[in-house]
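Below is the file start_8.pdb, which contains PDB, C-alpha atoms.
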```pdb
ATOM      1  CA  MET A   1    -144.296 134.466 -61.498
ATOM      2  CA  ALA A   2    -143.571 133.910 -65.201
ATOM      3  CA  GLU A   3    -145.387 136.042 -67.730
ATOM      4  CA  PRO A   4    -148.180 134.136 -69.556
ATOM      5  CA  ALA A   5    -147.606 133.186 -73.175
ATOM      6  CA  ILE A   6    -151.129 134.396 -74.043
ATOM      7  CA  GLU A   7    -153.629 136.325 -71.952
ATOM      8  CA  LEU A   8    -157.159 137.245 -73.078
ATOM      9  CA  ARG A   9    -159.324 139.494 -70.942
ATOM     10  CA  ASN A  10    -163.047 139.818 -71.624
ATOM     11  CA  VAL A  11    -162.552 139.444 -75.381
ATOM     12  CA  SER A  12    -165.514 139.857 -77.707
ATOM     13  CA  PHE A  13    -165.573 139.968 -81.500
ATOM     14  CA  ALA A  14    -168.198 140.391 -84.202
ATOM     15  CA  TYR A  15    -167.363 140.010 -87.913
ATOM     16  CA  SER A  16    -168.445 142.860 -90.159
ATOM     17  CA  SER A  17    -170.336 140.333 -92.292
ATOM     18  CA  HIS A  18    -172.248 138.742 -89.377
ATOM     19  CA  SER A  19    -174.845 141.466 -88.791
ATOM     20  CA  GLY A  20    -173.199 142.551 -85.558
ATOM     21  CA  ARG A  21    -173.585 139.190 -83.805
ATOM     22  CA  ASN A  22    -170.772 138.429 -81.368
ATOM     23  CA  VAL A  23    -168.840 135.314 -82.364
ATOM     24  CA  LEU A  24    -166.781 135.698 -79.192
ATOM     25  CA  ASP A  25    -168.510 137.032 -76.107
ATOM     26  CA  GLY A  26    -166.539 137.950 -72.987
ATOM     27  CA  VAL A  27    -163.766 135.332 -73.237
ATOM     28  CA  SER A  28    -161.031 135.413 -70.603
ATOM     29  CA  LEU A  29    -158.274 132.835 -70.936
ATOM     30  CA  THR A  30    -154.671 132.524 -69.795
ATOM     31  CA  ILE A  31    -152.198 130.116 -71.423
ATOM     32  CA  ALA A  32    -148.899 129.585 -69.657
ATOM     33  CA  SER A  33    -145.581 129.332 -71.452
ATOM     34  CA  GLY A  34    -144.871 125.737 -72.428
ATOM     35  CA  GLU A  35    -148.473 124.518 -72.309
ATOM     36  CA  PHE A  36    -150.039 122.277 -74.987
ATOM     37  CA  VAL A  37    -153.673 123.410 -75.231
ATOM     38  CA  GLY A  38    -156.445 122.101 -77.459
ATOM     39  CA  LEU A  39    -159.453 124.230 -78.441
ATOM     40  CA  VAL A  40    -162.611 122.269 -79.243
ATOM     41  CA  GLY A  41    -166.201 123.081 -80.107
ATOM     42  CA  GLY A  42    -168.901 122.696 -82.711
ATOM     43  CA  THR A  43    -169.052 124.428 -86.084
ATOM     44  CA  GLY A  44    -169.477 128.165 -85.580
ATOM     45  CA  ALA A  45    -168.665 127.993 -81.864
ATOM     46  CA  GLY A  46    -165.869 130.564 -82.229
ATOM     47  CA  LYS A  47    -162.765 128.417 -81.690
ATOM     48  CA  SER A  48    -160.960 129.467 -84.888
ATOM     49  CA  THR A  49    -161.930 133.084 -84.290
ATOM     50  CA  LEU A  50    -160.446 132.802 -80.817
ATOM     51  CA  LEU A  51    -157.224 131.394 -82.273
ATOM     52  CA  TYR A  52    -156.959 134.294 -84.727
ATOM     53  CA  THR A  53    -156.981 136.804 -81.883
ATOM     54  CA  MET A  54    -153.805 135.215 -80.521
ATOM     55  CA  ASN A  55    -151.428 136.579 -83.163
ATOM     56  CA  GLY A  56    -153.205 139.745 -84.243
ATOM     57  CA  VAL A  57    -154.914 138.402 -87.384
ATOM     58  CA  ILE A  58    -157.942 139.718 -85.496
ATOM     59  CA  PRO A  59    -158.286 142.696 -85.403
ATOM     60  CA  HIS A  60    -155.621 143.749 -87.931
ATOM     61  CA  LEU A  61    -156.401 141.594 -90.984
ATOM     62  CA  VAL A  62    -160.042 140.674 -90.416
ATOM     63  CA  GLY A  63    -162.754 143.304 -90.319
ATOM     64  CA  GLY A  64    -165.052 143.484 -87.337
ATOM     65  CA  ARG A  65    -165.714 144.926 -83.899
ATOM     66  CA  MET A  66    -163.444 143.775 -81.084
ATOM     67  CA  GLY A  67    -163.616 144.381 -77.355
ATOM     68  CA  GLY A  68    -161.343 143.421 -74.478
ATOM     69  CA  SER A  69    -157.611 142.844 -74.736
ATOM     70  CA  VAL A  70    -155.172 140.165 -75.897
ATOM     71  CA  ARG A  71    -151.535 140.081 -74.856
ATOM     72  CA  VAL A  72    -149.010 137.766 -76.522
ATOM     73  CA  ARG A  73    -145.844 137.418 -74.474
ATOM     74  CA  GLY A  74    -146.686 140.785 -72.957
ATOM     75  CA  LYS A  75    -147.420 142.552 -76.251
ATOM     76  CA  ASP A  76    -150.893 144.010 -76.743
ATOM     77  CA  THR A  77    -152.265 142.850 -80.108
ATOM     78  CA  ALA A  78    -154.097 146.169 -80.469
ATOM     79  CA  GLN A  79    -150.671 147.734 -81.062
ATOM     80  CA  HIS A  80    -148.905 144.725 -82.602
ATOM     81  CA  GLY A  81    -150.160 142.990 -85.741
ATOM     82  CA  PRO A  82    -149.193 139.599 -87.229
ATOM     83  CA  SER A  83    -145.992 140.905 -88.817
ATOM     84  CA  SER A  84    -144.559 142.287 -85.588
ATOM     85  CA  LEU A  85    -145.702 139.186 -83.684
ATOM     86  CA  ALA A  86    -144.253 136.711 -86.210
ATOM     87  CA  GLY A  87    -141.308 135.980 -83.935
ATOM     88  CA  GLU A  88    -143.655 135.440 -80.994
ATOM     89  CA  ALA A  89    -146.595 133.458 -82.399
ATOM     90  CA  GLY A  90    -146.615 131.552 -85.689
ATOM     91  CA  MET A  91    -149.844 130.409 -87.365
ATOM     92  CA  LEU A  92    -150.453 127.187 -89.323
ATOM     93  CA  PHE A  93    -153.760 126.953 -91.168
ATOM     94  CA  GLN A  94    -155.875 123.941 -92.092
ATOM     95  CA  ASP A  95    -155.184 124.168 -95.829
ATOM     96  CA  PRO A  96    -151.438 124.208 -96.605
ATOM     97  CA  ASP A  97    -152.057 125.520-100.124
ATOM     98  CA  SER A  98    -153.318 128.794 -98.650
ATOM     99  CA  GLN A  99    -149.792 129.399 -97.319
ATOM    100  CA  LEU A 100    -147.602 128.169-100.194
ATOM    101  CA  PHE A 101    -146.461 130.305-103.135
ATOM    102  CA  ALA A 102    -142.739 129.717-103.869
ATOM    103  CA  LEU A 103    -141.310 127.501-106.609
ATOM    104  CA  SER A 104    -139.166 125.406-104.271
ATOM    105  CA  VAL A 105    -139.458 124.096-100.745
ATOM    106  CA  ARG A 106    -136.275 125.905 -99.715
ATOM    107  CA  GLU A 107    -137.505 129.253-101.060
ATOM    108  CA  GLU A 108    -140.801 128.740 -99.263
ATOM    109  CA  VAL A 109    -139.157 128.068 -95.917
ATOM    110  CA  GLU A 110    -136.569 130.845 -96.137
ATOM    111  CA  PHE A 111    -139.174 133.485 -96.982
ATOM    112  CA  GLY A 112    -140.116 133.967 -93.316
ATOM    113  CA  PRO A 113    -136.565 134.578 -92.050
ATOM    114  CA  ALA A 114    -135.943 136.876 -95.019
ATOM    115  CA  ASN A 115    -139.087 138.808 -94.157
ATOM    116  CA  LEU A 116    -137.731 139.231 -90.624
ATOM    117  CA  GLY A 117    -134.702 140.944 -92.150
ATOM    118  CA  LEU A 118    -132.302 138.058 -91.520
ATOM    119  CA  LYS A 119    -129.463 137.579 -93.979
ATOM    120  CA  GLY A 120    -126.616 135.241 -94.802
ATOM    121  CA  TRP A 121    -125.665 132.535 -92.328
ATOM    122  CA  GLU A 122    -128.547 133.088 -89.907
ATOM    123  CA  ARG A 123    -131.183 132.811 -92.629
ATOM    124  CA  GLU A 124    -129.526 129.677 -94.005
ATOM    125  CA  ARG A 125    -129.239 128.178 -90.508
ATOM    126  CA  ARG A 126    -132.922 128.679 -89.740
ATOM    127  CA  THR A 127    -134.001 127.320 -93.114
ATOM    128  CA  ALA A 128    -131.820 124.216 -92.815
ATOM    129  CA  ALA A 129    -132.946 123.603 -89.224
ATOM    130  CA  ALA A 130    -136.657 123.867 -90.115
ATOM    131  CA  LEU A 131    -136.228 121.528 -93.089
ATOM    132  CA  ALA A 132    -134.410 118.988 -90.947
ATOM    133  CA  GLU A 133    -136.975 119.254 -88.135
ATOM    134  CA  THR A 134    -139.821 118.431 -90.502
ATOM    135  CA  GLY A 135    -137.928 115.768 -92.466
ATOM    136  CA  LEU A 136    -137.898 117.795 -95.678
ATOM    137  CA  SER A 137    -134.168 118.281 -96.294
ATOM    138  CA  ALA A 138    -134.130 115.855 -99.224
ATOM    139  CA  LEU A 139    -137.064 117.718-100.840
ATOM    140  CA  ALA A 140    -135.587 121.207-100.534
ATOM    141  CA  ASP A 141    -135.350 121.739-104.316
ATOM    142  CA  GLU A 142    -138.785 120.296-105.133
ATOM    143  CA  ASN A 143    -141.813 122.376-106.103
ATOM    144  CA  PRO A 144    -144.180 122.330-103.086
ATOM    145  CA  ARG A 145    -147.206 122.098-105.393
ATOM    146  CA  GLU A 146    -145.978 118.723-106.653
ATOM    147  CA  LEU A 147    -145.748 117.180-103.177
ATOM    148  CA  SER A 148    -148.412 115.178-101.348
ATOM    149  CA  VAL A 149    -150.833 117.041 -99.090
ATOM    150  CA  GLY A 150    -149.037 115.677 -96.031
ATOM    151  CA  GLN A 151    -145.697 116.919 -97.322
ATOM    152  CA  ARG A 152    -147.203 120.296 -98.219
ATOM    153  CA  GLN A 153    -148.494 120.681 -94.664
ATOM    154  CA  LYS A 154    -144.984 119.940 -93.394
ATOM    155  CA  VAL A 155    -143.623 122.632 -95.737
ATOM    156  CA  ALA A 156    -146.119 125.113 -94.307
ATOM    157  CA  LEU A 157    -145.126 124.095 -90.773
ATOM    158  CA  ALA A 158    -141.417 124.380 -91.619
ATOM    159  CA  SER A 159    -142.072 127.912 -92.906
ATOM    160  CA  VAL A 160    -143.524 128.802 -89.510
ATOM    161  CA  LEU A 161    -140.742 127.085 -87.563
ATOM    162  CA  ALA A 162    -138.053 128.933 -89.528
ATOM    163  CA  MET A 163    -139.191 132.162 -87.855
ATOM    164  CA  GLU A 164    -138.535 130.485 -84.483
ATOM    165  CA  PRO A 165    -141.697 131.643 -82.679
ATOM    166  CA  GLU A 166    -142.137 130.730 -79.028
ATOM    167  CA  ILE A 167    -145.849 130.011 -79.627
ATOM    168  CA  LEU A 168    -147.353 127.809 -82.348
ATOM    169  CA  LEU A 169    -151.013 128.365 -83.257
ATOM    170  CA  LEU A 170    -152.567 125.646 -85.425
ATOM    171  CA  ASP A 171    -156.049 125.566 -86.956
ATOM    172  CA  GLU A 172    -157.063 121.912 -87.530
ATOM    173  CA  PRO A 173    -153.609 121.086 -88.917
ATOM    174  CA  VAL A 174    -154.266 117.411 -89.721
ATOM    175  CA  SER A 175    -157.907 117.453 -90.846
ATOM    176  CA  ALA A 176    -156.932 116.815 -94.490
ATOM    177  CA  LEU A 177    -154.248 114.229 -93.668
ATOM    178  CA  ASP A 178    -154.315 110.468 -93.259
ATOM    179  CA  TRP A 179    -153.488 108.913 -89.880
ATOM    180  CA  ARG A 180    -149.767 108.415 -90.617
ATOM    181  CA  ASN A 181    -149.163 112.015 -91.646
ATOM    182  CA  GLY A 182    -151.354 113.314 -88.839
ATOM    183  CA  HIS A 183    -149.394 111.227 -86.344
ATOM    184  CA  GLU A 184    -146.107 112.620 -87.678
ATOM    185  CA  ILE A 185    -147.353 116.201 -87.299
ATOM    186  CA  TYR A 186    -148.543 115.618 -83.731
ATOM    187  CA  GLU A 187    -145.346 113.790 -82.773
ATOM    188  CA  LEU A 188    -143.380 116.804 -84.019
ATOM    189  CA  LEU A 189    -145.624 119.096 -81.970
ATOM    190  CA  ARG A 190    -144.994 116.916 -78.917
ATOM    191  CA  LYS A 191    -141.238 117.184 -79.464
ATOM    192  CA  LEU A 192    -141.405 120.971 -79.886
ATOM    193  CA  ASN A 193    -143.537 121.257 -76.757
ATOM    194  CA  SER A 194    -141.001 119.200 -74.792
ATOM    195  CA  ARG A 195    -138.427 121.868 -75.719
ATOM    196  CA  GLY A 196    -140.594 124.603 -74.257
ATOM    197  CA  LYS A 197    -142.713 125.747 -77.208
ATOM    198  CA  THR A 198    -146.273 126.756 -76.364
ATOM    199  CA  ILE A 199    -148.772 124.899 -78.558
ATOM    200  CA  VAL A 200    -152.389 125.982 -79.109
ATOM    201  CA  VAL A 201    -154.330 123.842 -81.594
ATOM    202  CA  VAL A 202    -157.920 123.940 -82.805
ATOM    203  CA  GLU A 203    -158.878 120.300 -83.329
ATOM    204  CA  HIS A 204    -162.179 118.493 -83.955
ATOM    205  CA  ASN A 205    -160.694 115.027 -83.369
ATOM    206  CA  THR A 206    -160.534 114.569 -79.604
ATOM    207  CA  GLU A 207    -158.511 111.362 -80.020
ATOM    208  CA  TRP A 208    -155.498 113.503 -80.975
ATOM    209  CA  LEU A 209    -155.992 115.886 -78.067
ATOM    210  CA  ALA A 210    -156.494 113.064 -75.573
ATOM    211  CA  GLU A 211    -153.104 111.733 -76.608
ATOM    212  CA  TYR A 212    -151.110 114.960 -76.946
ATOM    213  CA  ALA A 213    -152.719 117.936 -75.163
ATOM    214  CA  GLN A 214    -152.172 118.771 -71.501
ATOM    215  CA  ARG A 215    -155.326 120.880 -71.367
ATOM    216  CA  ILE A 216    -158.540 121.136 -73.382
ATOM    217  CA  VAL A 217    -160.706 124.256 -73.587
ATOM    218  CA  GLY A 218    -164.254 123.855 -74.895
ATOM    219  CA  ILE A 219    -165.780 126.784 -76.786
ATOM    220  CA  ASP A 220    -169.546 127.038 -77.132
ATOM    221  CA  ALA A 221    -171.645 129.993 -78.343
ATOM    222  CA  GLY A 222    -168.626 132.278 -78.167
ATOM    223  CA  GLY A 223    -167.710 131.494 -74.560
ATOM    224  CA  ILE A 224    -165.739 128.956 -72.555
ATOM    225  CA  ALA A 225    -167.863 125.915 -71.678
ATOM    226  CA  PHE A 226    -165.140 123.926 -69.925
ATOM    227  CA  ASP A 227    -161.408 124.003 -69.281
ATOM    228  CA  GLY A 228    -159.301 121.221 -67.804
ATOM    229  CA  GLU A 229    -157.205 118.083 -68.270
ATOM    230  CA  PRO A 230    -158.248 115.675 -71.059
ATOM    231  CA  GLU A 231    -159.199 112.857 -68.660
ATOM    232  CA  THR A 232    -161.574 115.188 -66.831
ATOM    233  CA  VAL A 233    -163.238 117.285 -69.515
ATOM    234  CA  LEU A 234    -163.704 114.486 -72.058
ATOM    235  CA  SER A 235    -165.474 112.296 -69.515
ATOM    236  CA  GLU A 236    -167.932 115.002 -68.465
ATOM    237  CA  GLY A 237    -171.396 115.429 -69.959
ATOM    238  CA  LYS A 238    -170.613 118.924 -71.283
ATOM    239  CA  ALA A 239    -168.272 117.620 -74.003
ATOM    240  CA  LYS A 240    -170.878 115.122 -75.207
ATOM    241  CA  LYS A 241    -173.651 117.724 -75.134
ATOM    242  CA  MET A 242    -171.546 119.927 -77.424
ATOM    243  CA  GLY A 243    -171.562 117.087 -79.963
ATOM    244  CA  LEU A 244    -167.887 116.224 -79.512
ATOM    245  CA  LYS A 245    -166.771 112.702 -80.297
ATOM    246  CA  ILE A 246    -165.623 111.173 -77.044
ATOM    247  CA  PRO A 247    -162.394 109.117 -77.361
ATOM    248  CA  CYS A 248    -162.903 105.346 -77.460
ATOM    249  CA  ALA A 249    -160.711 104.840 -74.374
ATOM    250  CA  VAL A 250    -162.923 107.187 -72.350
ATOM    251  CA  GLN A 251    -166.076 105.372 -73.437
ATOM    252  CA  LEU A 252    -164.588 101.954 -72.709
ATOM    253  CA  SER A 253    -163.372 102.976 -69.257
ATOM    254  CA  HIS A 254    -166.922 103.982 -68.367
ATOM    255  CA  GLU A 255    -168.439 100.818 -69.817
ATOM    256  CA  LEU A 256    -165.965  98.701 -67.856
ATOM    257  CA  GLY A 257    -167.031 100.393 -64.633
ATOM    258  CA  LEU A 258    -163.700 102.064 -63.838
ATOM    259  CA  GLY A 259    -163.820 104.837 -61.280
ATOM    260  CA  PHE A 260    -162.426 107.527 -63.600
ATOM    261  CA  ALA A 261    -161.845 107.953 -67.291
ATOM    262  CA  ALA A 262    -158.749 106.915 -69.209
ATOM    263  CA  ALA A 263    -158.218 109.310 -72.110
ATOM    264  CA  THR A 264    -155.932 107.087 -74.202
ATOM    265  CA  PRO A 265    -155.610 103.359 -74.944
ATOM    266  CA  LYS A 266    -152.263 103.295 -73.122
ATOM    267  CA  LYS A 267    -153.772 104.755 -69.949
ATOM    268  CA  LEU A 268    -156.748 102.386 -70.202
ATOM    269  CA  ALA A 269    -154.362  99.417 -70.416
ATOM    270  CA  GLU A 270    -152.504 100.687 -67.359
ATOM    271  CA  LEU A 271    -155.785 100.967 -65.452
ATOM    272  CA  LEU A 272    -156.810  97.457 -66.425
ATOM    273  CA  ARG A 273    -153.452  96.038 -65.371
ATOM    274  CA  GLY A 274    -153.872  97.783 -62.034
ATOM    275  CA  LYS A 275    -157.246  96.064 -61.565
ATOM    276  CA  LYS A 276    -155.695  92.580 -61.738
TER     277      LYS A 276
END
```
Output the file's structure as structure tokens, nothing else.
Amino acid sequence: MAEPAIELRNVSFAYSSHSGRNVLDGVSLTIASGEFVGLVGGTGAGKSTLLYTMNGVIPHLVGGRMGGSVRVRGKDTAQHGPSSLAGEAGMLFQDPDSQLFALSVREEVEFGPANLGLKGWERERRTAAALAETGLSALADENPRELSVGQRQKVALASVLAMEPEILLLDEPVSALDWRNGHEIYELLRKLNSRGKTIVVVEHNTEWLAEYAQRIVGIDAGGIAFDGEPETVLSEGKAKKMGLKIPCAVQLSHELGLGFAAATPKKLAELLRGKK
């Protein structure tokens, strides 16, 4: 049996600034290599905190009390921090400006490979490949700060991809983007996932996850409220009770009296054609 990409066992965490209250409380979760998993939940539910345990940001860079264990491709995050896990799990944050600092797009993207100790041809190869993958080759000499927010998020993503991690962790990566740029980011994630990359994304917009994720995990009060395929979990009462916006296709399938939910407009159309 293949080793899991990520394995959490009875994980708890309390921030130093939260008066000892557990933000995560006894979470056990296994994510297989090559899965595309969405993490959903209300504000303060613990979903971003959970994501930060998956590359060692917690406990190494964020103060607090942690219990349980997290293994990333077999490496225990108690012994391996974000730097040593950079080639295993790359992190993309919500705000691209929190990750950008260089004076050109190329310098920004090649910083990661350089930090891994790569030199010469290999560093240039990774930088060029990441720029091409994200459609940024023509902007390589531009200042990232002068680009649109959508382009800046692609620069941040290219910087992660240049380190060639097997796992991509993303914290609401399209929340500040318009639909076109958000669609481009998610289409790129779909393509990377089809090549075997493991994708774990915190996302408040269930429409995106219904379309792209293979599995959705609901986080509530620091624990797992539900875990399953989009068609199943988004049609259950638990998702609605957590205040999640249910995708339009799911709502319509119920209103039309179909026997089970369609998570996307395409699947709803297929169901309706089958009813004729």
Between CA of Trp208 (chain A) and CA of Pro265 (chain A) lies a distance of 11.8 Å
Top pick for closest residue to Thr198 (chain A), considering A:Leu50, A:Ala129, A:Ala32, A:Cys248 and counting only C-alpha atoms |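 Of all the options, A:Ala32 lies closest to Thr198 (chain A).
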For the file shown, report as a list in words the outcome of the PyMOL selection byres ((chain A and resi 78) around 9) at residue level.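 With the shown file as input, the PyMOL selection byres ((chain A and resi 78) around 9) matches Gly56, Pro59, His60, Ser69, Val70, Arg71, Lys75, Asp76, Thr77, Gln79, His80 and Gly81 of chain A.
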Practice prompt. Let me know the residues the PyMOL selection byres ((chain A and resi 178-185) around 9) catches in the file above, as a ChimeraX atom specification.
Written response: /A:134,150-151,153-154,157,173-177,186-190,208
Output file for the residues above (C-alpha atoms, as a PDB file, in the frame of the given file):
```pdb
ATOM      1  CA  THR A 134    -139.821 118.431 -90.502  1.00  0.00           C
ATOM      2  CA  GLY A 150    -149.037 115.677 -96.031  1.00  0.00           C
ATOM      3  CA  GLN A 151    -145.697 116.919 -97.322  1.00  0.00           C
ATOM      4  CA  GLN A 153    -148.494 120.681 -94.664  1.00  0.00           C
ATOM      5  CA  LYS A 154    -144.984 119.940 -93.394  1.00  0.00           C
ATOM      6  CA  LEU A 157    -145.126 124.095 -90.773  1.00  0.00           C
ATOM      7  CA  PRO A 173    -153.609 121.086 -88.917  1.00  0.00           C
ATOM      8  CA  VAL A 174    -154.266 117.411 -89.721  1.00  0.00           C
ATOM      9  CA  SER A 175    -157.907 117.453 -90.846  1.00  0.00           C
ATOM     10  CA  ALA A 176    -156.932 116.815 -94.490  1.00  0.00           C
ATOM     11  CA  LEU A 177    -154.248 114.229 -93.668  1.00  0.00           C
ATOM     12  CA  TYR A 186    -148.543 115.618 -83.731  1.00  0.00           C
ATOM     13  CA  GLU A 187    -145.346 113.790 -82.773  1.00  0.00           C
ATOM     14  CA  LEU A 188    -143.380 116.804 -84.019  1.00  0.00           C
ATOM     15  CA  LEU A 189    -145.624 119.096 -81.970  1.00  0.00           C
ATOM     16  CA  ARG A 190    -144.994 116.916 -78.917  1.00  0.00           C
ATOM     17  CA  TRP A 208    -155.498 113.503 -80.975  1.00  0.00           C
TER      18      TRP A 208
END
```
What are the closest atom pairs, with distances in Å to one decimal, for each residue of region 27-109 of chain A lying within 8 Å of region 12-20 of chain A, using only C-alpha atoms, rows by chain and rising residue number, as a Markdown table?
```
| residue | atom | partner | partner_atom | distance |
| --- | --- | --- | --- | --- |
| A:Val27 | CA | A:Ser12 | CA | 6.6 |
| A:Val62 | CA | A:Tyr15 | CA | 7.8 |
| A:Gly63 | CA | A:Ser16 | CA | 5.7 |
| A:Gly64 | CA | A:Tyr15 | CA | 4.2 |
| A:Arg65 | CA | A:Ala14 | CA | 5.2 |
| A:Met66 | CA | A:Phe13 | CA | 4.4 |
| A:Gly67 | CA | A:Ser12 | CA | 4.9 |
| A:Gly68 | CA | A:Ser12 | CA | 6.4 |
```
Output for the residues just chosen: C-alpha atoms as a tab-separated table (two decimals), keeping the file's coordinate frame:
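The new file selection26.tsv reads:
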```tsv
chain	number	residue	atom	x	y	z
A	27	VAL	CA	-163.77	135.33	-73.24
A	62	VAL	CA	-160.04	140.67	-90.42
A	63	GLY	CA	-162.75	143.30	-90.32
A	64	GLY	CA	-165.05	143.48	-87.34
A	65	ARG	CA	-165.71	144.93	-83.90
A	66	MET	CA	-163.44	143.78	-81.08
A	67	GLY	CA	-163.62	144.38	-77.36
A	68	GLY	CA	-161.34	143.42	-74.48
```
Test item: residues at most 7 Å from Asn55 (chain A), all atoms listed in the file, excluding those fewer than 5 positions along its chain, as an MDAnalysis selection string
chainID A and resid 82 85 89
Problem - Pick from A:Ile6, A:Leu92, A:Leu24, A:Leu209 nearest to Lys47 (chain A), counting only C-alpha atoms - result: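 So, comparing all the options, the nearest one is A:Leu24.
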Identify all residues satisfying the PyMOL selection byres ((chain A and resi 156) around 12) in the given file; provide them as an NGL selection string. :A and (90-102 or 105-112 or 130-131 or 134 or 136 or 144-145 or 147 or 149-155 or 157-163 or 170 or 173 or 185)
Neighbours of point (-158.8, 117.3, -80.2) within 9 Å, using only C-alpha atoms, written as a list of chain:residue names: A:Gly38, A:Leu39, A:Val40, A:Glu172, A:Val201, A:Val202, A:Glu203, A:His204, A:Asn205, A:Thr206, A:Glu207, A:Trp208, A:Leu209, A:Ala210, A:Glu211, A:Tyr212, A:Ala213, A:Ile216
Please provide the set of residues having any atom within 9 Å of Leu234 (chain A), restricted to only C-alpha atoms, with same-chain residues fewer than 6 positions apart removed, written as a PyMOL selection string. chain A and resi 206+210+216+240+244-247+250+261+263
Which of these residues is nearest to Asp25 (chain A), using only C-alpha atoms: A:Gly257, A:Gly87, A:Gly222, A:Gly135?
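For Asp25 (chain A), the nearest of the given residues is A:Gly222.
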Let me make sure I understand: among A:Ala225, A:Ala239, A:Leu168, A:Val233, which one has the smallest atom-to-atom distance to Ser33 (chain A) if we use all atoms listed in the file?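 The answer is A:Leu168, which sits nearest to Ser33 (chain A).
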Please write region 202-252 of chain A of the preceding block to a file containing C-alpha atoms, as a compact mmCIF listing (two decimals), in the first residue's frame?
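Dumped to decode00.txt:
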```txt
# COMPACT_ATOMS: atom_id res chain seq x y z
CA VAL A 202 -8.85 25.86 1.89
CA GLU A 203 -11.77 27.41 0.03
CA HIS A 204 -14.94 29.24 1.12
CA ASN A 205 -16.53 29.09 -2.34
CA THR A 206 -18.00 25.61 -2.68
CA GLU A 207 -18.73 26.22 -6.38
CA TRP A 208 -14.99 25.88 -7.07
CA LEU A 209 -14.67 22.73 -4.98
CA ALA A 210 -17.76 21.14 -6.53
CA GLU A 211 -16.11 21.56 -9.91
CA TYR A 212 -12.51 20.65 -9.10
CA ALA A 213 -12.13 18.71 -5.83
CA GLN A 214 -12.44 14.93 -5.54
CA ARG A 215 -13.10 15.13 -1.81
CA ILE A 216 -14.33 17.78 0.62
CA VAL A 217 -13.55 17.81 4.34
CA GLY A 218 -15.69 20.03 6.57
CA ILE A 219 -14.05 21.53 9.66
CA ASP A 220 -16.21 22.75 12.53
CA ALA A 221 -15.15 23.75 16.06
CA GLY A 222 -11.69 22.31 15.49
CA GLY A 223 -12.85 18.86 14.38
CA ILE A 224 -13.97 17.05 11.25
CA ALA A 225 -17.72 17.44 10.68
CA PHE A 226 -17.89 15.56 7.38
CA ASP A 227 -15.63 13.99 4.78
CA GLY A 228 -16.65 12.70 1.37
CA GLU A 229 -17.27 13.32 -2.33
CA PRO A 230 -18.64 16.75 -3.33
CA GLU A 231 -21.99 15.36 -4.56
CA THR A 232 -22.56 13.71 -1.18
CA VAL A 233 -21.31 16.19 1.40
CA LEU A 234 -22.67 19.33 -0.28
CA SER A 235 -26.17 17.87 -0.47
CA GLU A 236 -26.27 16.90 3.20
CA GLY A 237 -27.73 19.08 5.94
CA LYS A 238 -24.40 19.34 7.79
CA ALA A 239 -22.85 21.60 5.13
CA LYS A 240 -25.84 23.96 5.23
CA LYS A 241 -25.89 24.00 9.03
CA MET A 242 -22.25 25.13 9.00
CA GLY A 243 -23.34 28.16 6.97
CA LEU A 244 -21.69 27.01 3.74
CA LYS A 245 -23.10 28.26 0.47
CA ILE A 246 -24.49 25.25 -1.34
CA PRO A 247 -23.68 25.20 -5.09
CA CYS A 248 -26.55 26.27 -7.36
CA ALA A 249 -26.51 22.93 -9.20
CA VAL A 250 -27.03 21.05 -5.93
CA GLN A 251 -29.95 23.28 -4.96
CA LEU A 252 -31.55 22.99 -8.39
```
